[in-house]
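> Just so it is clear, I am handing over structure-v4.pdb, which has PDB, C-alpha atoms.
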```pdb
ATOM      1  CA  MET A   1     -98.056 168.003  30.757
ATOM      2  CA  GLU A   2     -98.934 167.858  34.448
ATOM      3  CA  ASN A   3     -98.489 164.069  34.588
ATOM      4  CA  GLU A   4     -95.184 164.274  32.709
ATOM      5  CA  GLU A   5     -93.983 166.919  35.141
ATOM      6  CA  GLN A   6     -94.987 164.761  38.102
ATOM      7  CA  ASP A   7     -93.203 161.732  36.623
ATOM      8  CA  PHE A   8     -89.982 163.720  36.554
ATOM      9  CA  ARG A   9     -89.842 163.889  40.346
ATOM     10  CA  ILE A  10     -88.897 161.667  43.251
ATOM     11  CA  ASP A  11     -92.022 160.714  45.166
ATOM     12  CA  VAL A  12     -91.596 158.574  48.289
ATOM     13  CA  ASP A  13     -95.339 157.954  48.589
ATOM     14  CA  LYS A  14     -95.525 156.668  45.016
ATOM     15  CA  VAL A  15     -92.402 154.498  45.339
ATOM     16  CA  LEU A  16     -93.748 152.871  48.502
ATOM     17  CA  LYS A  17     -97.081 152.168  46.839
ATOM     18  CA  ASP A  18     -95.357 150.743  43.746
ATOM     19  CA  LYS A  19     -93.152 148.499  45.892
ATOM     20  CA  ILE A  20     -95.610 147.179  48.477
ATOM     21  CA  GLY A  21     -99.040 148.127  47.144
ATOM     22  CA  ASN A  22    -101.886 148.749  49.597
ATOM     23  CA  LYS A  23     -99.655 147.867  52.534
ATOM     24  CA  ALA A  24     -98.093 151.327  52.148
ATOM     25  CA  LYS A  25    -101.056 152.939  53.877
ATOM     26  CA  TYR A  26    -100.158 151.148  57.096
ATOM     27  CA  ILE A  27     -96.757 152.834  57.328
ATOM     28  CA  PRO A  28     -96.926 155.546  60.027
ATOM     29  CA  GLY A  29     -96.753 159.095  58.731
ATOM     30  CA  PHE A  30     -93.717 160.007  60.828
ATOM     31  CA  ILE A  31     -91.755 157.203  59.161
ATOM     32  CA  VAL A  32     -92.782 158.386  55.693
ATOM     33  CA  ASN A  33     -91.745 161.948  56.578
ATOM     34  CA  TRP A  34     -88.424 160.689  57.935
ATOM     35  CA  LEU A  35     -87.845 158.811  54.678
ATOM     36  CA  LYS A  36     -88.530 161.976  52.717
ATOM     37  CA  ARG A  37     -85.939 163.840  54.775
ATOM     38  CA  ILE A  38     -83.252 161.150  54.665
ATOM     39  CA  LEU A  39     -83.834 160.700  50.911
ATOM     40  CA  HIS A  40     -83.658 164.482  50.422
ATOM     41  CA  GLN A  41     -86.884 164.436  48.433
ATOM     42  CA  ASP A  42     -87.351 168.218  48.495
ATOM     43  CA  GLU A  43     -83.744 168.983  47.534
ATOM     44  CA  ILE A  44     -83.745 166.437  44.710
ATOM     45  CA  ASN A  45     -87.077 167.613  43.369
ATOM     46  CA  GLU A  46     -85.836 171.203  43.479
ATOM     47  CA  PHE A  47     -83.038 170.138  41.128
ATOM     48  CA  LEU A  48     -85.317 168.043  38.913
ATOM     49  CA  THR A  49     -87.807 170.872  38.460
ATOM     50  CA  GLY A  50     -85.141 173.582  38.329
ATOM     51  CA  ARG A  51     -81.733 173.467  36.666
ATOM     52  CA  GLY A  52     -82.119 169.756  35.949
ATOM     53  CA  LYS A  53     -85.508 170.038  34.271
ATOM     54  CA  GLY A  54     -85.535 168.525  30.780
ATOM     55  CA  LEU A  55     -81.948 167.269  30.983
ATOM     56  CA  ILE A  56     -81.505 163.796  29.501
ATOM     57  CA  GLY A  57     -78.581 161.374  29.411
ATOM     58  CA  LYS A  58     -75.141 162.993  29.471
ATOM     59  CA  ASP A  59     -76.631 166.443  30.122
ATOM     60  CA  PHE A  60     -78.433 165.083  33.180
ATOM     61  CA  LEU A  61     -75.208 163.541  34.506
ATOM     62  CA  ASP A  62     -73.238 166.742  33.971
ATOM     63  CA  GLY A  63     -75.989 168.849  35.520
ATOM     64  CA  THR A  64     -76.045 166.618  38.601
ATOM     65  CA  LEU A  65     -72.276 166.918  39.067
ATOM     66  CA  GLU A  66     -72.490 170.702  38.726
ATOM     67  CA  HIS A  67     -75.361 170.856  41.223
ATOM     68  CA  LEU A  68     -73.347 168.808  43.742
ATOM     69  CA  LYS A  69     -70.213 170.860  43.005
ATOM     70  CA  THR A  70     -68.303 167.645  42.376
ATOM     71  CA  GLY A  71     -64.700 167.894  41.240
ATOM     72  CA  ILE A  72     -62.962 165.124  39.282
ATOM     73  CA  ILE A  73     -59.253 164.415  38.851
ATOM     74  CA  LEU A  74     -59.096 162.103  35.841
ATOM     75  CA  GLN A  75     -56.059 159.946  35.153
ATOM     76  CA  THR A  76     -54.816 156.758  33.512
ATOM     77  CA  ASN A  77     -52.566 154.135  35.093
ATOM     78  CA  ILE A  78     -51.072 151.861  32.447
ATOM     79  CA  ASP A  79     -48.304 149.513  33.543
ATOM     80  CA  GLY A  80     -47.677 151.667  36.594
ATOM     81  CA  VAL A  81     -47.281 154.901  34.617
ATOM     82  CA  ILE A  82     -49.871 157.467  35.705
ATOM     83  CA  THR A  83     -50.800 160.230  33.273
ATOM     84  CA  GLU A  84     -53.452 162.938  33.336
ATOM     85  CA  GLY A  85     -56.679 162.244  31.433
ATOM     86  CA  ILE A  86     -57.697 159.132  29.480
ATOM     87  CA  ASP A  87     -56.428 160.004  26.016
ATOM     88  CA  ARG A  88     -54.319 156.832  26.049
ATOM     89  CA  LEU A  89     -57.452 154.699  25.911
ATOM     90  CA  PRO A  90     -58.872 153.744  22.490
ATOM     91  CA  GLY A  91     -61.910 155.586  21.148
ATOM     92  CA  ASN A  92     -64.941 154.504  19.137
ATOM     93  CA  GLU A  93     -63.046 154.739  15.871
ATOM     94  CA  GLU A  94     -61.661 151.247  16.388
ATOM     95  CA  GLY A  95     -65.158 149.776  16.507
ATOM     96  CA  ARG A  96     -64.589 148.241  19.925
ATOM     97  CA  TYR A  97     -67.078 148.289  22.753
ATOM     98  CA  PHE A  98     -65.846 147.762  26.277
ATOM     99  CA  THR A  99     -67.118 146.520  29.596
ATOM    100  CA  ILE A 100     -66.117 149.218  32.075
ATOM    101  CA  VAL A 101     -65.988 148.023  35.686
ATOM    102  CA  SER A 102     -65.351 150.056  38.812
ATOM    103  CA  ASN A 103     -65.296 149.814  42.560
ATOM    104  CA  HIS A 104     -68.333 151.421  44.188
ATOM    105  CA  PRO A 105     -67.255 153.517  47.192
ATOM    106  CA  LEU A 106     -70.042 156.102  47.263
ATOM    107  CA  GLY A 107     -73.303 155.044  45.650
ATOM    108  CA  GLY A 108     -73.985 158.501  44.199
ATOM    109  CA  GLN A 109     -71.242 160.645  42.778
ATOM    110  CA  ASP A 110     -69.225 157.644  41.613
ATOM    111  CA  GLY A 111     -71.995 156.357  39.337
ATOM    112  CA  VAL A 112     -72.863 159.797  37.990
ATOM    113  CA  ALA A 113     -69.258 160.840  37.428
ATOM    114  CA  LEU A 114     -68.199 157.583  35.768
ATOM    115  CA  GLY A 115     -71.145 157.806  33.375
ATOM    116  CA  SER A 116     -70.294 161.419  32.555
ATOM    117  CA  ILE A 117     -66.633 160.541  31.875
ATOM    118  CA  VAL A 118     -67.547 157.588  29.663
ATOM    119  CA  CYS A 119     -70.073 159.693  27.739
ATOM    120  CA  LYS A 120     -67.459 162.367  27.059
ATOM    121  CA  LYS A 121     -64.838 159.853  25.961
ATOM    122  CA  TRP A 122     -67.081 157.672  23.828
ATOM    123  CA  ASP A 123     -69.715 160.086  22.472
ATOM    124  CA  SER A 124     -72.485 159.058  24.891
ATOM    125  CA  LYS A 125     -72.319 155.458  23.675
ATOM    126  CA  MET A 126     -72.744 153.885  27.097
ATOM    127  CA  ILE A 127     -75.284 152.052  29.191
ATOM    128  CA  TYR A 128     -75.447 151.287  32.911
ATOM    129  CA  LEU A 129     -76.489 148.057  34.572
ATOM    130  CA  VAL A 130     -78.032 149.545  37.716
ATOM    131  CA  ASN A 131     -80.536 149.066  40.514
ATOM    132  CA  ASP A 132     -84.046 149.546  39.144
ATOM    133  CA  ILE A 133     -84.844 152.284  41.683
ATOM    134  CA  LEU A 134     -82.745 154.693  39.607
ATOM    135  CA  MET A 135     -85.304 154.403  36.822
ATOM    136  CA  ASN A 136     -87.327 156.927  38.834
ATOM    137  CA  PHE A 137     -84.915 159.533  37.471
ATOM    138  CA  LYS A 138     -86.278 160.069  33.976
ATOM    139  CA  GLY A 139     -83.159 161.947  32.882
ATOM    140  CA  LEU A 140     -81.061 158.917  33.783
ATOM    141  CA  ALA A 141     -83.399 156.183  32.548
ATOM    142  CA  PRO A 142     -82.333 156.251  28.851
ATOM    143  CA  LEU A 143     -78.824 155.231  29.917
ATOM    144  CA  CYS A 144     -79.910 152.355  32.148
ATOM    145  CA  VAL A 145     -80.782 148.688  32.136
ATOM    146  CA  PRO A 146     -82.627 148.200  35.443
ATOM    147  CA  ILE A 147     -81.467 145.302  37.591
ATOM    148  CA  ASN A 148     -83.930 143.859  40.113
ATOM    149  CA  LYS A 149     -83.422 140.166  40.819
ATOM    150  CA  THR A 150     -86.439 139.882  43.111
ATOM    151  CA  GLY A 151     -89.204 141.718  41.249
ATOM    152  CA  ALA A 152     -91.380 140.779  38.274
ATOM    153  CA  GLN A 153     -88.759 142.293  35.976
ATOM    154  CA  SER A 154     -86.324 139.555  37.063
ATOM    155  CA  ARG A 155     -87.897 137.095  34.592
ATOM    156  CA  ASN A 156     -86.577 139.210  31.722
ATOM    157  CA  LEU A 157     -83.230 139.989  33.370
ATOM    158  CA  PRO A 158     -81.028 137.557  31.379
ATOM    159  CA  GLU A 159     -82.414 138.833  28.076
ATOM    160  CA  MET A 160     -82.025 142.475  29.153
ATOM    161  CA  VAL A 161     -78.410 141.915  30.164
ATOM    162  CA  ASP A 162     -77.709 140.164  26.859
ATOM    163  CA  GLN A 163     -79.242 143.055  24.925
ATOM    164  CA  ALA A 164     -76.970 145.490  26.753
ATOM    165  CA  PHE A 165     -73.864 143.479  25.856
ATOM    166  CA  LYS A 166     -75.058 143.012  22.265
ATOM    167  CA  SER A 167     -75.533 146.756  21.822
ATOM    168  CA  ASP A 168     -73.170 149.271  20.266
ATOM    169  CA  ARG A 169     -72.639 150.850  23.669
ATOM    170  CA  HIS A 170     -69.982 150.570  26.329
ATOM    171  CA  VAL A 171     -71.407 148.738  29.348
ATOM    172  CA  VAL A 172     -70.680 150.376  32.723
ATOM    173  CA  MET A 173     -70.943 148.115  35.756
ATOM    174  CA  PHE A 174     -70.261 148.066  39.482
ATOM    175  CA  PRO A 175     -69.756 144.296  39.852
ATOM    176  CA  ALA A 176     -70.029 144.350  43.644
ATOM    177  CA  GLY A 177     -73.682 145.312  43.251
ATOM    178  CA  LEU A 178     -73.634 147.225  46.539
ATOM    179  CA  CYS A 179     -71.488 150.073  47.822
ATOM    180  CA  SER A 180     -68.181 149.383  49.496
ATOM    181  CA  ARG A 181     -68.178 148.317  53.138
ATOM    182  CA  LYS A 182     -65.707 148.842  55.976
ATOM    183  CA  GLY A 183     -64.164 145.606  57.203
ATOM    184  CA  ASP A 184     -63.238 144.695  60.761
ATOM    185  CA  ASP A 185     -59.701 145.836  59.901
ATOM    186  CA  GLY A 186     -61.010 149.323  59.066
ATOM    187  CA  VAL A 187     -60.289 148.953  55.337
ATOM    188  CA  ILE A 188     -63.017 150.190  52.989
ATOM    189  CA  ARG A 189     -63.430 147.854  50.048
ATOM    190  CA  ASP A 190     -66.082 146.397  47.764
ATOM    191  CA  LEU A 191     -67.910 143.205  48.561
ATOM    192  CA  PRO A 192     -66.752 140.300  46.339
ATOM    193  CA  TRP A 193     -67.374 141.080  42.683
ATOM    194  CA  LYS A 194     -69.938 139.019  40.791
ATOM    195  CA  LYS A 195     -68.790 137.157  37.687
ATOM    196  CA  THR A 196     -71.398 138.424  35.185
ATOM    197  CA  PHE A 197     -69.057 140.987  33.630
ATOM    198  CA  VAL A 198     -66.501 138.229  32.996
ATOM    199  CA  THR A 199     -68.845 135.702  31.413
ATOM    200  CA  LYS A 200     -70.655 138.276  29.272
ATOM    201  CA  SER A 201     -67.450 139.990  28.165
ATOM    202  CA  VAL A 202     -66.153 136.649  26.913
ATOM    203  CA  GLU A 203     -69.460 135.760  25.272
ATOM    204  CA  TYR A 204     -69.664 139.075  23.408
ATOM    205  CA  LYS A 205     -65.913 139.580  22.939
ATOM    206  CA  ARG A 206     -65.635 142.813  24.912
ATOM    207  CA  ASP A 207     -62.345 143.864  26.467
ATOM    208  CA  VAL A 208     -62.645 145.011  30.084
ATOM    209  CA  ILE A 209     -61.478 148.416  31.315
ATOM    210  CA  PRO A 210     -60.831 148.538  35.097
ATOM    211  CA  VAL A 211     -61.523 151.799  36.932
ATOM    212  CA  HIS A 212     -60.730 152.925  40.456
ATOM    213  CA  PHE A 213     -62.859 155.640  42.071
ATOM    214  CA  SER A 214     -61.592 157.319  45.246
ATOM    215  CA  GLY A 215     -63.691 158.426  48.215
ATOM    216  CA  HIS A 216     -65.760 156.959  51.027
ATOM    217  CA  ASN A 217     -69.041 157.386  52.873
ATOM    218  CA  SER A 218     -69.571 158.341  56.517
ATOM    219  CA  ASP A 219     -68.925 156.098  59.512
ATOM    220  CA  ARG A 220     -72.687 156.083  60.111
ATOM    221  CA  PHE A 221     -73.224 154.404  56.745
ATOM    222  CA  TYR A 222     -70.688 151.660  57.476
ATOM    223  CA  ASN A 223     -72.037 151.146  61.001
ATOM    224  CA  ILE A 224     -75.553 150.639  59.653
ATOM    225  CA  ALA A 225     -74.266 148.164  57.059
ATOM    226  CA  ARG A 226     -72.332 146.304  59.763
ATOM    227  CA  PHE A 227     -75.429 146.195  61.987
ATOM    228  CA  CYS A 228     -77.486 144.677  59.163
ATOM    229  CA  LYS A 229     -74.850 142.037  58.513
ATOM    230  CA  LYS A 230     -74.449 141.176  62.198
ATOM    231  CA  HIS A 231     -78.178 140.668  62.659
ATOM    232  CA  ASN A 232     -78.734 139.002  59.275
ATOM    233  CA  LEU A 233     -81.287 141.605  58.212
ATOM    234  CA  LYS A 234     -82.584 140.954  54.702
ATOM    235  CA  ILE A 235     -83.475 144.597  54.048
ATOM    236  CA  ASN A 236     -80.582 146.804  52.938
ATOM    237  CA  LEU A 237     -81.070 149.646  55.418
ATOM    238  CA  ALA A 238     -77.794 151.276  54.404
ATOM    239  CA  MET A 239     -79.183 151.943  50.923
ATOM    240  CA  LEU A 240     -81.798 154.256  52.423
ATOM    241  CA  PHE A 241     -78.999 156.602  53.443
ATOM    242  CA  LEU A 242     -77.271 156.841  50.048
ATOM    243  CA  ALA A 243     -78.985 160.090  49.063
ATOM    244  CA  ASP A 244     -77.941 161.592  52.399
ATOM    245  CA  GLU A 245     -74.387 160.341  51.809
ATOM    246  CA  MET A 246     -74.453 161.942  48.354
ATOM    247  CA  PHE A 247     -75.274 165.329  49.842
ATOM    248  CA  LYS A 248     -72.644 164.826  52.557
ATOM    249  CA  ASN A 249     -70.114 164.309  49.754
ATOM    250  CA  ALA A 250     -71.220 167.429  47.871
ATOM    251  CA  GLY A 251     -68.393 169.842  47.101
ATOM    252  CA  LYS A 252     -65.671 167.176  47.272
ATOM    253  CA  THR A 253     -63.133 166.224  44.612
ATOM    254  CA  PHE A 254     -62.531 162.591  43.657
ATOM    255  CA  THR A 255     -59.772 160.880  41.706
ATOM    256  CA  VAL A 256     -60.872 158.513  38.940
ATOM    257  CA  THR A 257     -58.168 156.233  37.544
ATOM    258  CA  PHE A 258     -58.637 154.175  34.381
ATOM    259  CA  GLY A 259     -56.476 151.144  33.751
ATOM    260  CA  LYS A 260     -55.260 149.373  30.623
ATOM    261  CA  PRO A 261     -57.961 147.409  28.774
ATOM    262  CA  ILE A 262     -57.863 143.705  29.632
ATOM    263  CA  PRO A 263     -58.377 141.506  26.528
ATOM    264  CA  TRP A 264     -61.464 139.323  26.828
ATOM    265  CA  GLN A 265     -59.359 136.324  25.824
ATOM    266  CA  THR A 266     -57.639 136.624  29.226
ATOM    267  CA  PHE A 267     -60.719 135.174  30.885
ATOM    268  CA  THR A 268     -60.806 132.081  28.679
ATOM    269  CA  ASP A 269     -57.842 130.711  30.616
ATOM    270  CA  LYS A 270     -59.302 127.784  32.565
ATOM    271  CA  SER A 271     -56.697 128.112  35.316
ATOM    272  CA  LYS A 272     -59.257 130.350  37.049
ATOM    273  CA  SER A 273     -63.027 130.118  37.276
ATOM    274  CA  ALA A 274     -65.155 133.094  36.186
ATOM    275  CA  SER A 275     -65.585 134.069  39.855
ATOM    276  CA  GLU A 276     -61.830 133.907  40.400
ATOM    277  CA  TRP A 277     -61.230 136.062  37.332
ATOM    278  CA  ALA A 278     -63.732 138.588  38.710
ATOM    279  CA  ALA A 279     -61.767 138.691  41.986
ATOM    280  CA  TRP A 280     -58.549 139.095  39.992
ATOM    281  CA  VAL A 281     -59.936 142.131  38.163
ATOM    282  CA  GLU A 282     -61.154 143.576  41.458
ATOM    283  CA  ASP A 283     -57.597 143.328  42.792
ATOM    284  CA  LYS A 284     -56.335 145.050  39.626
ATOM    285  CA  VAL A 285     -58.767 147.914  40.245
ATOM    286  CA  TYR A 286     -57.426 148.560  43.722
ATOM    287  CA  GLU A 287     -53.854 148.370  42.427
ATOM    288  CA  LEU A 288     -54.666 151.322  40.135
ATOM    289  CA  ASN A 289     -54.791 153.535  43.185
ATOM    290  CA  LYS A 290     -51.152 152.786  43.962
ATOM    291  CA  ALA A 291     -48.450 154.972  42.428
TER
END
```
Using structure tokens, write down the structure from this file.

Amino acid sequence: MENEEQDFRIDVDKVLKDKIGNKAKYIPGFIVNWLKRILHQDEINEFLTGRGKGLIGKDFLDGTLEHLKTGIILQTNIDGVITEGIDRLPGNEEGRYFTIVSNHPLGGQDGVALGSIVCKKWDSKMIYLVNDILMNFKGLAPLCVPINKTGAQSRNLPEMVDQAFKSDRHVVMFPAGLCSRKGDDGVIRDLPWKKTFVTKSVEYKRDVIPVHFSGHNSDRFYNIARFCKKHNLKINLAMLFLADEMFKNAGKTFTVTFGKPIPWQTFTDKSKSASEWAAWVEDKVYELNKA
């Protein structure tokens, strides 16, 4: 029981050892302690061992939103007509499984909230394609296919992605891969979307549901991301601050807008490449935010 309890916690020391092995012991203690603070290790573990203890799947998502006091305004925008809720979208009774794609403005509440909404709408029949670091959250792990293109797991990545799209679950993706960035023009928007959701949706005949999630992170987050880009740093320093951004966004209300399902046959039109279709869907997502 003690080991199981320990597994259901965030542990910076363990993550560092798992990622870089014996080299972890050479990291100065003050840096490790700073990481623990910026990652909110104590606050997260308090939730995991308290009100979040034993919560799995949808219950874990809902418990996290309650803990962060996150409010959601849920709406549908179909052909420019915005209505409250997502009752206009088809349910499981039609035997259809969708690829659900969203912009990624936050890196915390957006992923948790979108999963919670999809679970409620489609009876918990959903699966995320996410960064493998989230597998540390045991309550979240059953809903996830871990994506790590650089680790040992990367050899099995194509098969794992195929299994997700073959499943009787709705696949939830953030095609940008990383959180939104602020451009030189001051506009906050996703990085270019990757084409995987297009090619796999065609292969497995899944219609695509576009989703727009409102909100943004702090200027500090965008400045760090801009610094990394300017200096061509390979490490994603901004990601280290996502937990801190999540707690900064605690207590806020976000608007989540679902669009009309896009038939998978749309993407078989050879007038656009798969990458161009991905960019087209990304544009559609941002149009959902317009009345």
> List as a list in words: which residues have an atom within 10 Å of (-70.8, 158.6, 27.6), counting all atoms listed in the file?
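Result, sorted by chain then residue number: Gly57, Lys58, Leu61, Leu114, Gly115, Ser116, Ile117, Val118, Cys119, Lys120, Lys121, Trp122, Asp123, Ser124, Lys125, Met126, Ile127, Leu143, Arg169, His170 and Val172 of chain A.
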> Show me, as a Markdown table, the residues of range 76-143 of chain A having an atom within 10 Å of range 247-250 of chain A, each with the closest atom pair and its distance in Å, using all atoms listed in the file.

```
| residue | atom | partner | partner_atom | distance |
| --- | --- | --- | --- | --- |
| A:Leu106 | CA | A:Asn249 | CA | 8.6 |
| A:Gly108 | CA | A:Asn249 | CA | 8.9 |
| A:Gln109 | CA | A:Asn249 | CA | 8.0 |
```
> Closest to Leu16 in chain A among A:Asp244, A:Ile133, A:Asp219, A:Phe30, using only C-alpha atoms?
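Of all the options, A:Ile133 lies closest to Leu16 in chain A.
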> At what distance in Å, to one decimal, does CA of Leu129 in chain A lie from CA of Val161 in chain A?
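For CA of Val161 in chain A relative to CA of Leu129 in chain A, the distance reads 7.8 Å.
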> What do you get, as a PyMOL selection string, if you spell out every residue that the PyMOL selection byres ((chain A and resi 285-287) around 10) selects here?
chain A and resi 77+80+101-103+189-190+209-214+257-259+279-284+288-291
> With only C-alpha atoms as the basis for distance, which of A:Ala238, A:Ile188, A:Val198, A:Cys228 is at the shortest distance from Trp264 in chain A?
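Closest to Trp264 in chain A, using only C-alpha atoms: A:Val198.
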> Find the residue from A:Asn223, A:Met239, A:Asp207, A:Lys229 that sits nearest to Pro90 in chain A; use only C-alpha atoms when measuring.
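Nearest candidate to Pro90 in chain A out of A:Asn223, A:Met239, A:Asp207, A:Lys229: A:Asp207.
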> Applied to the shown file, which residues does the PyMOL selection byres ((chain A and resi 69) around 9) return, written as a PyMOL selection string?
chain A and resi 64-68+70-71+250-253
> Considering all atoms listed in the file, can you say which of A:Ser275, A:Gln265, A:Thr255, A:Thr199 comes closest to Glu84 in chain A?
A:Thr255
> With the file shown as input, list the residues that the PyMOL selection byres ((chain A and resi 31-48) around 8) selects, as an MDAnalysis selection string.
chainID A and resid 8:13 27:30 49:53 67 240:244
